[in-house]
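With compact mmCIF, C-alpha atoms and all ligand atoms inside, this is protein.txt:
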# COMPACT_ATOMS: atom_id res chain seq x y z
CA MET A 1 122.76 112.86 123.90
CA GLN A 2 121.92 110.73 120.89
CA LYS A 3 122.01 107.06 121.86
CA LYS A 4 123.81 104.64 119.53
CA ILE A 5 122.84 101.07 118.66
CA ASP A 6 126.08 99.76 120.24
CA GLU A 7 124.68 100.55 123.70
CA PHE A 8 121.85 98.06 123.16
CA LEU A 9 124.11 95.28 121.89
CA LYS A 10 126.21 94.62 125.00
CA ASP A 11 126.08 90.88 125.84
CA VAL A 12 123.69 90.33 122.95
CA LYS A 13 124.21 87.16 120.90
CA THR A 14 120.97 87.00 118.90
CA VAL A 15 119.05 89.87 117.28
CA ALA A 16 115.77 89.74 115.38
CA ILE A 17 114.66 92.75 113.31
CA ALA A 18 111.05 93.16 112.23
CA GLY A 19 108.87 95.75 110.51
CA HIS A 20 105.15 95.96 109.77
CA VAL A 21 102.73 94.02 107.59
CA ASN A 22 102.65 94.98 103.90
CA PRO A 23 106.04 96.68 104.28
CA ASP A 24 106.48 100.01 102.52
CA GLY A 25 109.77 101.55 101.39
CA ASP A 26 110.60 103.01 104.81
CA CYS A 27 109.90 99.70 106.54
CA VAL A 28 111.99 97.65 104.09
CA GLY A 29 114.72 100.32 104.08
CA SER A 30 114.98 100.66 107.86
CA CYS A 31 114.87 96.90 108.54
CA MET A 32 117.41 96.10 105.82
CA GLY A 33 119.57 99.11 106.74
CA MET A 34 119.75 97.94 110.35
CA TYR A 35 120.28 94.30 109.28
CA LEU A 36 123.14 95.14 106.87
CA TYR A 37 124.79 97.45 109.44
CA LEU A 38 124.75 94.73 112.11
CA LYS A 39 125.98 92.10 109.63
CA ASP A 40 128.91 94.36 108.62
CA ASN A 41 129.89 95.67 112.05
CA PHE A 42 128.77 92.97 114.50
CA PRO A 43 129.42 89.68 112.64
CA GLN A 44 129.63 87.81 115.95
CA ILE A 45 125.93 88.52 116.59
CA GLN A 46 123.45 86.18 114.94
CA THR A 47 121.04 88.57 113.22
CA GLU A 48 117.80 87.74 111.41
CA VAL A 49 115.40 90.08 109.62
CA TYR A 50 111.66 89.42 109.14
CA LEU A 51 109.76 91.13 106.32
CA GLU A 52 106.44 89.85 105.06
CA ALA A 53 106.04 89.69 101.25
CA PRO A 54 107.97 92.80 100.16
CA ARG A 55 107.07 94.17 96.72
CA ARG A 56 109.22 92.84 93.83
CA ALA A 57 110.68 96.30 93.16
CA PHE A 58 112.27 96.41 96.64
CA TYR A 59 114.56 93.51 95.72
CA VAL A 60 117.06 96.07 94.33
CA ILE A 61 118.01 96.26 98.03
CA ARG A 62 120.79 93.74 98.40
CA ASP A 63 120.28 90.69 100.64
CA LEU A 64 116.51 91.28 100.83
CA ASP A 65 116.22 87.63 99.74
CA LYS A 66 117.70 86.75 103.15
CA ALA A 67 114.70 88.30 104.94
CA LYS A 68 112.47 85.65 106.49
CA GLN A 69 108.78 85.52 105.63
CA ASP A 70 107.73 83.23 108.47
CA CYS A 71 108.76 82.90 112.05
CA VAL A 72 109.21 80.27 114.74
CA GLU A 73 109.16 81.54 118.31
CA TYR A 74 112.59 81.67 120.00
CA PRO A 75 114.00 83.73 122.89
CA CYS A 76 116.19 86.22 121.01
CA ASP A 77 118.31 88.52 123.17
CA LEU A 78 117.10 91.66 121.39
CA LEU A 79 114.10 92.24 119.14
CA ILE A 80 114.36 95.47 117.12
CA LEU A 81 110.99 96.73 115.85
CA LEU A 82 111.11 99.39 113.14
CA ASP A 83 108.40 101.67 111.68
CA ILE A 84 105.61 99.52 113.14
CA SER A 85 103.28 102.28 114.46
CA SER A 86 101.37 99.73 116.57
CA HIS A 87 102.21 96.29 118.02
CA ASP A 88 99.22 94.75 116.20
CA ARG A 89 100.89 95.49 112.84
CA ILE A 90 104.04 93.41 113.44
CA GLY A 91 102.70 90.44 111.48
CA VAL A 92 104.83 87.28 111.18
CA ALA A 93 107.38 88.24 113.84
CA SER A 94 104.75 89.05 116.49
CA CYS A 95 105.38 85.65 118.12
CA LEU A 96 108.87 86.91 119.04
CA LEU A 97 107.40 89.75 121.09
CA LYS A 98 106.43 87.35 123.88
CA SER A 99 109.74 85.54 124.12
CA ALA A 100 112.31 88.26 123.29
CA LYS A 101 114.45 89.17 126.31
CA ARG A 102 114.49 92.87 125.40
CA VAL A 103 112.65 94.92 122.79
CA LEU A 104 113.93 98.11 121.16
CA CYS A 105 111.37 99.99 119.08
CA LEU A 106 112.45 102.86 116.79
CA ASP A 107 109.59 104.73 115.13
CA HIS A 108 108.19 108.05 113.89
CA HIS A 109 104.42 107.56 114.28
CA LYS A 110 102.62 110.04 116.52
CA THR A 111 100.04 107.35 117.26
CA ASN A 112 102.58 104.84 118.64
CA ARG A 113 101.66 104.60 122.35
CA ASP A 114 102.89 101.06 123.07
CA SER A 115 105.43 100.21 125.72
CA TYR A 116 108.61 98.20 125.14
CA THR A 117 111.89 97.83 127.00
CA TRP A 118 112.94 100.92 125.02
CA LEU A 119 110.78 103.05 122.70
CA PHE A 120 112.34 105.92 120.78
CA ASN A 121 109.58 107.55 118.79
CA TYR A 122 110.17 110.81 116.89
CA PRO A 123 106.95 111.93 115.14
CA GLU A 124 108.70 115.04 113.78
CA ILE A 125 111.25 112.95 111.86
CA SER A 126 110.23 112.12 108.28
CA SER A 127 111.18 108.44 108.18
CA THR A 128 112.23 105.55 110.40
CA CYS A 129 115.31 105.29 108.16
CA GLU A 130 116.34 108.75 109.35
CA VAL A 131 115.72 107.68 112.97
CA VAL A 132 117.82 104.55 112.40
CA TRP A 133 120.63 106.62 110.82
CA ASN A 134 120.82 108.67 114.03
CA PHE A 135 121.50 105.46 115.98
CA LEU A 136 124.33 104.37 113.65
CA ASP A 137 127.92 105.53 113.29
CA SER A 138 128.02 107.25 109.89
CA ASP A 139 131.61 106.11 109.22
CA LYS A 140 130.60 102.48 109.66
CA ILE A 141 127.70 102.60 107.20
CA GLY A 142 128.55 100.52 104.12
CA GLU A 143 127.18 100.94 100.61
CA LYS A 144 124.50 98.25 100.95
CA CYS A 145 123.18 99.75 104.20
CA ALA A 146 123.28 103.26 102.65
CA GLU A 147 121.16 102.09 99.69
CA ALA A 148 118.50 100.69 102.01
CA LEU A 149 118.32 103.79 104.25
CA TYR A 150 118.30 106.17 101.27
CA MET A 151 115.44 104.26 99.64
CA GLY A 152 113.34 104.45 102.81
CA MET A 153 113.96 108.18 103.17
CA VAL A 154 112.91 108.71 99.54
CA HIS A 155 109.65 106.83 100.09
CA ASP A 156 108.49 108.46 103.31
CA THR A 157 109.38 111.99 102.15
CA GLY A 158 107.78 111.56 98.70
CA VAL A 159 111.24 112.07 97.15
CA PHE A 160 112.14 114.83 99.65
CA GLN A 161 108.92 116.74 98.97
CA TYR A 162 106.72 116.43 102.08
CA ALA A 163 106.82 119.06 104.82
CA SER A 164 108.46 116.56 107.19
CA THR A 165 111.64 116.82 105.05
CA SER A 166 114.13 118.90 107.06
CA PRO A 167 117.55 120.35 106.25
CA ARG A 168 118.92 117.53 108.40
CA THR A 169 117.06 114.98 106.22
CA MET A 170 118.88 116.41 103.21
CA ARG A 171 122.24 116.35 105.00
CA ILE A 172 121.74 112.69 105.95
CA ALA A 173 120.67 111.87 102.37
CA ALA A 174 123.82 113.63 101.13
CA SER A 175 126.03 111.60 103.46
CA LEU A 176 124.38 108.41 102.15
CA MET A 177 124.93 109.60 98.56
CA GLU A 178 128.62 110.00 99.37
CA LYS A 179 128.79 106.25 99.92
CA GLY A 180 128.46 105.91 96.13
CA ILE A 181 124.92 104.57 95.93
CA PRO A 182 122.96 104.43 92.61
CA PHE A 183 120.41 107.00 93.88
CA SER A 184 118.66 107.72 90.53
CA ARG A 185 118.06 104.03 89.99
CA LEU A 186 116.82 103.52 93.56
CA ILE A 187 114.27 106.34 93.17
CA ASP A 188 113.13 105.32 89.72
CA GLU A 189 112.87 101.56 90.22
CA THR A 190 111.32 101.57 93.69
CA TYR A 191 109.28 104.81 93.78
CA TYR A 192 108.15 105.88 90.31
CA GLN A 193 108.04 102.64 88.31
CA LYS A 194 104.78 100.72 88.51
CA THR A 195 103.86 97.33 87.12
CA PHE A 196 101.21 97.13 84.40
CA VAL A 197 98.73 95.80 86.97
CA GLN A 198 99.48 98.65 89.38
CA ASN A 199 98.83 101.20 86.64
CA GLN A 200 95.60 99.47 85.60
CA LEU A 201 94.37 99.56 89.19
CA LEU A 202 95.43 103.19 89.57
CA GLY A 203 93.49 104.03 86.41
CA ARG A 204 90.45 102.22 87.70
CA ALA A 205 90.59 103.91 91.09
CA LEU A 206 90.88 107.35 89.43
CA VAL A 207 88.03 106.70 86.97
CA GLU A 208 85.73 105.61 89.78
CA SER A 209 86.76 108.31 92.28
CA PHE A 210 84.32 111.02 93.33
CA LEU A 211 84.54 114.39 95.08
CA MET A 212 82.71 115.52 98.24
CA PHE A 213 82.67 118.71 100.34
CA ASP A 214 83.12 121.13 97.41
CA GLY A 215 85.98 119.12 95.97
CA LYS A 216 88.01 119.08 99.20
CA LEU A 217 87.63 115.31 99.68
CA ILE A 218 88.29 112.66 97.03
CA VAL A 219 87.20 109.07 97.64
CA SER A 220 87.63 105.81 95.76
CA CYS A 221 87.42 102.10 96.49
CA ILE A 222 88.38 98.83 94.83
CA ARG A 223 86.41 95.70 95.66
CA LYS A 224 87.82 92.25 96.27
CA ARG A 225 86.31 90.84 93.08
CA ASP A 226 88.08 93.54 91.02
CA MET A 227 91.36 92.88 92.81
CA ASP A 228 90.95 89.18 92.05
CA PHE A 229 90.29 89.96 88.38
CA TYR A 230 93.70 91.70 88.18
CA HIS A 231 95.37 89.12 90.48
CA ALA A 232 96.29 92.10 92.65
CA THR A 233 97.89 91.96 96.09
CA PRO A 234 97.78 94.69 98.78
CA ALA A 235 101.29 95.77 97.70
CA ASP A 236 99.85 96.67 94.26
CA MET A 237 97.69 99.37 95.91
CA ASP A 238 100.63 101.44 97.15
CA GLY A 239 100.68 104.98 95.81
CA ILE A 240 97.06 105.16 94.61
CA VAL A 241 95.93 107.35 97.52
CA SER A 242 98.86 109.76 96.95
CA GLN A 243 98.02 110.12 93.27
CA MET A 244 94.40 110.92 94.21
CA ARG A 245 95.66 113.58 96.62
CA ASN A 246 97.38 115.34 93.70
CA THR A 247 93.96 116.48 92.40
CA SER A 248 93.83 120.29 92.57
CA GLY A 249 91.51 121.65 95.27
CA VAL A 250 91.65 118.40 97.24
CA GLU A 251 92.54 118.59 100.96
CA VAL A 252 92.06 114.92 101.86
CA SER A 253 92.12 111.71 99.82
CA VAL A 254 90.63 108.42 100.97
CA PHE A 255 91.33 105.18 99.14
CA MET A 256 90.17 101.78 100.32
CA TYR A 257 90.43 98.25 99.06
CA GLU A 258 88.66 95.15 100.26
CA LEU A 259 90.86 92.69 102.15
CA SER A 260 88.02 90.17 102.45
CA GLU A 261 84.23 90.46 102.12
CA GLY A 262 83.21 93.55 104.14
CA THR A 263 86.70 94.29 105.54
CA TRP A 264 88.44 97.35 104.09
CA LYS A 265 91.99 98.60 104.31
CA VAL A 266 91.61 102.37 104.30
CA SER A 267 94.39 104.86 103.49
CA LEU A 268 94.05 108.58 104.17
CA ARG A 269 96.27 111.41 102.94
CA SER A 270 96.07 115.12 103.68
CA VAL A 271 97.63 118.07 101.85
CA ASP A 272 98.39 120.40 104.75
CA GLN A 273 95.45 121.21 107.00
CA VAL A 274 93.60 118.15 108.22
CA ASP A 275 95.22 115.76 110.72
CA VAL A 276 94.07 112.40 109.30
CA SER A 277 95.80 110.39 112.05
CA THR A 278 93.10 111.42 114.57
CA VAL A 279 90.34 110.04 112.31
CA ALA A 280 92.29 106.82 111.70
CA GLN A 281 93.00 106.47 115.40
CA PHE A 282 89.32 106.96 116.30
CA PHE A 283 88.52 103.85 114.25
CA GLY A 284 91.41 101.83 115.69
CA GLY A 285 94.17 102.68 113.19
CA GLY A 286 96.92 105.28 113.25
CA GLY A 287 99.74 106.96 111.38
CA HIS A 288 100.89 110.54 110.81
CA ALA A 289 99.06 113.87 110.43
CA ARG A 290 99.41 113.74 106.62
CA ALA A 291 99.29 109.94 106.09
CA ALA A 292 97.30 107.45 108.10
CA GLY A 293 95.63 104.07 107.76
CA VAL A 294 92.96 101.92 109.37
CA THR A 295 91.02 98.70 108.79
CA MET A 296 87.22 99.10 108.81
CA GLN A 297 84.16 96.86 108.44
CA GLY A 298 80.93 97.13 106.46
CA SER A 299 80.01 98.08 102.91
CA CYS A 300 82.21 100.71 101.25
CA TYR A 301 79.33 103.18 101.74
CA ASP A 302 79.24 102.44 105.49
CA VAL A 303 82.97 103.12 105.67
CA ILE A 304 82.68 106.36 103.68
CA ASN A 305 79.75 107.54 105.85
CA ASN A 306 81.63 106.82 109.07
CA LEU A 307 84.77 108.58 107.88
CA THR A 308 83.02 111.63 106.42
CA GLN A 309 81.15 112.23 109.69
CA HIS A 310 84.56 112.76 111.29
CA LEU A 311 86.13 114.66 108.41
CA GLU A 312 83.14 116.97 107.84
CA LYS A 313 84.06 119.48 110.56
CA ASP A 314 87.60 119.92 109.20
CA LEU A 315 86.52 120.09 105.57
CA ARG A 316 83.60 122.53 106.01
CA GLN A 317 85.83 125.24 107.50
P1 LIG B 1 99.06 103.43 104.59
O1 LIG B 1 97.83 104.18 104.22
O2 LIG B 1 98.83 102.00 104.88
O3 LIG B 1 100.16 103.68 103.62
O4 LIG B 1 99.55 104.03 105.99
C1 LIG B 1 99.85 105.37 106.18
C2 LIG B 1 100.60 105.53 107.48
O5 LIG B 1 99.78 105.14 108.58
C3 LIG B 1 101.84 104.65 107.56
O6 LIG B 1 102.86 105.39 108.20
C4 LIG B 1 101.40 103.48 108.38
O7 LIG B 1 102.48 102.96 109.09
C5 LIG B 1 100.32 104.04 109.29
N1 LIG B 1 99.24 103.05 109.50
C6 LIG B 1 98.54 102.43 108.53
N2 LIG B 1 97.62 101.59 109.05
C7 LIG B 1 97.75 101.66 110.38
C8 LIG B 1 97.09 101.01 111.49
N3 LIG B 1 96.10 100.13 111.31
N4 LIG B 1 97.52 101.33 112.74
C9 LIG B 1 98.51 102.22 112.92
N5 LIG B 1 99.15 102.87 111.94
C10 LIG B 1 98.80 102.60 110.67
MN MN B 2 105.79 102.24 107.05
MN MN B 3 107.69 105.29 108.07
Before anything else, please render the file you have as structure tokens.
Amino acid sequence: MQKKIDEFLKDVKTVAIAGHVNPDGDCVGSCMGMYLYLKDNFPQIQTEVYLEAPRRAFYVIRDLDKAKQDCVEYPCDLLILLDISSHDRIGVASCLLKSAKRVLCLDHHKTNRDSYTWLFNYPEISSTCEVVWNFLDSDKIGEKCAEALYMGMVHDTGVFQYASTSPRTMRIAASLMEKGIPFSRLIDETYYQKTFVQNQLLGRALVESFLMFDGKLIVSCIRKRDMDFYHATPADMDGIVSQMRNTSGVEVSVFMYELSEGTWKVSLRSVDQVDVSTVAQFFGGGGHARAAGVTMQGSCYDVINNLTQHLEKDLRQ
């Protein structure tokens, strides 16, 4: 039997909702969707949402300006963690983990192995927004909540393209559409539109990319000094690795950018054969079979060498 969020709210007076660092569309969508649903249907509960530096484009989601960017520890009755993949990615709200009376984690990352009061993790489901929808009463979802959940589903399915998109995903998206949301605008403004800086960085990453293993692997990196030149933030790097993956013949794309001298945020994407989450997990990261991430140390060549040693077996077949 599908559990509903109501079951976790008995005797609850304070709720905190948190996602992961550098929140993507699914993270913003699921956190805001849950927040707006609780605000609409449980006004007696004091609910806060924590999202660290969301991209400007996500502010089409209403009330995102109410999301808190910093956090003071307090003993909330229920902490709801969404799309986090691993407890070390919670970011600002991680201080709440110690003091929260109960923790409910909803996720869809196969690498999530943490333990909480309740963990509902569905790696076969395309987005945390879809997981969240299952916990809500469809009739009680308002337009604002529907916009947030729809946006997250769009982002984690690559606009309903990736293999994780199921007939049920489409049915849920349809039911959200029926709430009267501006779906074209949500897709265009949050998924396809890029800022000038984002496009410049994408261009740079593509120009400097190179192929390995007979064109099955594409790699590119952007150094800190180049990011500084463009005044770029980590959020500006979203989508570059997916664009690289669109190169014909490519099975795996690897894009990395330097967080600080010698520390790299690495993103991996796979077309349909290689499970990149196992490689990411080996180096301390995680994610999904077709999309994973990890932070690694060294020069960019060290990072590439370490990764290719693990990818070689899969890509030589
Ligand atoms: P990214 O390349 O950052 O877009 O991440 C791809 C997928 O892997 C997303 O679903 C992330 O939530 C997940 N992921 C990224 N980095 C990590 C990490 N260090 N640990 C666990 N999961 C991660
Ligand atoms: Mn995410
Ligand atoms: Mn997700």
### Query
What's the 9 Å shell around stretch 209-224 of chain A, counting all atoms listed in the file, without same-chain residues fewer than 6 positions away, as a ChimeraX atom specification?
/A:201,241,244-245,247-261,264,266,300,304,308,311-312,315-316
### Message
Considering all atoms listed in the file, can you say which of A:Cys27, A:Val303, A:Val12, A:Leu176 comes closest to ligand MN 2 (chain B)?
### Response
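Smallest separation from ligand MN 2 (chain B) among the options: A:Cys27.
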### Task
Return the single residue from A:Phe135, A:Tyr162, A:Trp118, A:Phe58 that is closest to A:Thr190, with distances computed using all atoms listed in the file.
A:Phe58
How close does chain A get to ligand MN 2 (chain B)? List, as a tab-separated table, each residue of chain A within 8 Å, its nearest atom pair and the distance in Å to one decimal, counting only C-alpha atoms and all ligand atoms.
residue	atom	partner	partner_atom	distance
A:Gly19	CA	B:MN2	MN	8.0
A:His20	CA	B:MN2	MN	6.9
A:Pro23	CA	B:MN2	MN	6.2
A:Asp24	CA	B:MN2	MN	5.1
A:Gly25	CA	B:MN2	MN	7.0
A:Asp26	CA	B:MN2	MN	5.4
A:Cys27	CA	B:MN2	MN	4.9
A:Asp83	CA	B:MN2	MN	5.3
A:Ile84	CA	B:MN2	MN	6.7
A:Ser85	CA	B:MN2	MN	7.8
A:Thr128	CA	B:MN2	MN	8.0
A:Asp156	CA	B:MN2	MN	7.7
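Comparing the minimum interatomic distances between ligand MN 3 (chain B) and each of A:Arg225, A:Lys179, A:Arg290, A:Lys194, counting only C-alpha atoms and all ligand atoms, we find that A:Arg290 sits nearest.
Near A:Tyr192, within 10 Å and counting all atoms listed in the file, sit His155, Val159, Leu186, Ile187 and Gly239 of chain A, not including residues fewer than 5 positions from it in the same chain.
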I'd like a table as a Markdown table: residues in chain A with an atom no more than 7 Å from ligand LIG 1 (chain B), each row giving the shortest atom pair and its distance in Å to one decimal, all atoms listed in the file counted, sorted by chain and rising residue number.
| residue | atom | partner | partner_atom | distance |
| --- | --- | --- | --- | --- |
| A:Asp83 | CA | B:LIG1 | O7 | 6.6 |
| A:Ile84 | CA | B:LIG1 | O7 | 6.2 |
| A:Ser85 | CA | B:LIG1 | N5 | 4.9 |
| A:Ser86 | CA | B:LIG1 | C9 | 5.3 |
| A:Arg89 | CA | B:LIG1 | N4 | 6.7 |
| A:His109 | CA | B:LIG1 | O6 | 6.6 |
| A:Thr111 | CA | B:LIG1 | C9 | 6.9 |
| A:Asp238 | CA | B:LIG1 | O3 | 6.9 |
| A:Val266 | CA | B:LIG1 | O1 | 6.5 |
| A:Ser267 | CA | B:LIG1 | O1 | 3.6 |
| A:Leu268 | CA | B:LIG1 | O1 | 5.8 |
| A:Gly284 | CA | B:LIG1 | N3 | 6.6 |
| A:Gly285 | CA | B:LIG1 | N4 | 3.6 |
| A:Gly286 | CA | B:LIG1 | C9 | 3.5 |
| A:Gly287 | CA | B:LIG1 | O5 | 3.3 |
| A:His288 | CA | B:LIG1 | O5 | 5.9 |
| A:Ala291 | CA | B:LIG1 | C1 | 4.6 |
| A:Ala292 | CA | B:LIG1 | O5 | 3.4 |
| A:Gly293 | CA | B:LIG1 | C6 | 3.4 |
| A:Val294 | CA | B:LIG1 | N3 | 4.1 |
| A:Thr295 | CA | B:LIG1 | N3 | 5.8 |
Restricting it to C-alpha atoms, dump the selection as a PDB file, in the coordinates of the input.
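Full text of result.pdb as output:
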ATOM      1  CA  ASP A  83     108.400 101.670 111.680  1.00  0.00           C
ATOM      2  CA  ILE A  84     105.610  99.520 113.140  1.00  0.00           C
ATOM      3  CA  SER A  85     103.280 102.280 114.460  1.00  0.00           C
ATOM      4  CA  SER A  86     101.370  99.730 116.570  1.00  0.00           C
ATOM      5  CA  ARG A  89     100.890  95.490 112.840  1.00  0.00           C
ATOM      6  CA  HIS A 109     104.420 107.560 114.280  1.00  0.00           C
ATOM      7  CA  THR A 111     100.040 107.350 117.260  1.00  0.00           C
ATOM      8  CA  ASP A 238     100.630 101.440  97.150  1.00  0.00           C
ATOM      9  CA  VAL A 266      91.610 102.370 104.300  1.00  0.00           C
ATOM     10  CA  SER A 267      94.390 104.860 103.490  1.00  0.00           C
ATOM     11  CA  LEU A 268      94.050 108.580 104.170  1.00  0.00           C
ATOM     12  CA  GLY A 284      91.410 101.830 115.690  1.00  0.00           C
ATOM     13  CA  GLY A 285      94.170 102.680 113.190  1.00  0.00           C
ATOM     14  CA  GLY A 286      96.920 105.280 113.250  1.00  0.00           C
ATOM     15  CA  GLY A 287      99.740 106.960 111.380  1.00  0.00           C
ATOM     16  CA  HIS A 288     100.890 110.540 110.810  1.00  0.00           C
ATOM     17  CA  ALA A 291      99.290 109.940 106.090  1.00  0.00           C
ATOM     18  CA  ALA A 292      97.300 107.450 108.100  1.00  0.00           C
ATOM     19  CA  GLY A 293      95.630 104.070 107.760  1.00  0.00           C
ATOM     20  CA  VAL A 294      92.960 101.920 109.370  1.00  0.00           C
ATOM     21  CA  THR A 295      91.020  98.700 108.790  1.00  0.00           C
TER      22      THR A 295
END
Let me have the centre and edge lengths of the axis-aligned box enclosing all listed atoms of stretch 38-46 of chain A with 8 Å padding on every side, in Å to one decimal, as AutoDock Vina command-line options.
--center_x 126.7 --center_y 90.9 --center_z 112.6 --size_x 22.4 --size_y 25.5 --size_z 24.0
### Pick from A:Thr233, A:Lys110, A:Ser184, A:Phe160, whichever lies nearest to A:Thr278 using only C-alpha atoms
A:Lys110
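Comparing A:Ala67, A:Leu82, A:Val207, A:Val92 by their smallest distance to ligand MN 3 (chain B), the closest is A:Leu82 (using only C-alpha atoms and all ligand atoms).
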How would stretch 216-223 of chain A read, as a short mmCIF file (atom, residue, chain, number, x, y, z; two decimals), in the coordinates of the input, once all heavy atoms are built in?
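Listing of out.cif after writing:
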data_model
loop_
_atom_site.label_atom_id
_atom_site.label_comp_id
_atom_site.auth_asym_id
_atom_site.auth_seq_id
_atom_site.Cartn_x
_atom_site.Cartn_y
_atom_site.Cartn_z
N LYS A 216 86.88 119.16 98.25
CA LYS A 216 88.01 119.08 99.20
C LYS A 216 88.36 117.64 99.57
O LYS A 216 89.44 117.36 100.08
CB LYS A 216 87.68 119.86 100.47
CG LYS A 216 87.67 121.36 100.26
CD LYS A 216 87.45 122.04 101.58
CE LYS A 216 87.28 123.52 101.42
NZ LYS A 216 86.67 124.11 102.61
N LEU A 217 87.40 116.74 99.36
CA LEU A 217 87.63 115.31 99.68
C LEU A 217 87.47 114.49 98.41
O LEU A 217 86.52 114.68 97.66
CB LEU A 217 86.61 114.85 100.73
CG LEU A 217 86.65 113.36 101.08
CD1 LEU A 217 87.93 113.00 101.81
CD2 LEU A 217 85.44 112.99 101.95
N ILE A 218 88.42 113.59 98.16
CA ILE A 218 88.29 112.66 97.03
C ILE A 218 88.30 111.25 97.59
O ILE A 218 89.07 110.93 98.51
CB ILE A 218 89.40 112.88 95.97
CG1 ILE A 218 89.16 112.00 94.73
CG2 ILE A 218 90.80 112.62 96.53
CD1 ILE A 218 89.99 112.41 93.53
N VAL A 219 87.37 110.42 97.09
CA VAL A 219 87.20 109.07 97.64
C VAL A 219 87.17 108.06 96.49
O VAL A 219 86.63 108.34 95.43
CB VAL A 219 85.86 108.96 98.42
CG1 VAL A 219 85.69 107.58 99.02
CG2 VAL A 219 85.76 110.02 99.50
N SER A 220 87.77 106.90 96.73
CA SER A 220 87.63 105.81 95.76
C SER A 220 87.81 104.47 96.46
O SER A 220 88.45 104.41 97.52
CB SER A 220 88.64 105.94 94.63
OG SER A 220 88.33 105.03 93.60
N CYS A 221 87.22 103.42 95.89
CA CYS A 221 87.42 102.10 96.49
C CYS A 221 87.52 101.03 95.41
O CYS A 221 86.99 101.19 94.32
CB CYS A 221 86.30 101.76 97.48
SG CYS A 221 84.66 101.95 96.83
N ILE A 222 88.26 99.98 95.74
CA ILE A 222 88.38 98.83 94.83
C ILE A 222 87.94 97.58 95.59
O ILE A 222 88.44 97.31 96.68
CB ILE A 222 89.81 98.69 94.28
CG1 ILE A 222 90.13 99.87 93.35
CG2 ILE A 222 89.99 97.35 93.54
CD1 ILE A 222 91.44 99.79 92.61
N ARG A 223 86.97 96.88 94.99
CA ARG A 223 86.41 95.70 95.66
C ARG A 223 87.28 94.46 95.45
O ARG A 223 88.06 94.40 94.51
CB ARG A 223 85.00 95.43 95.13
CG ARG A 223 84.02 96.48 95.58
CD ARG A 223 82.61 96.19 95.10
NE ARG A 223 81.69 97.17 95.68
CZ ARG A 223 81.60 98.42 95.26
NH1 ARG A 223 82.35 98.84 94.25
NH2 ARG A 223 80.78 99.26 95.84
#
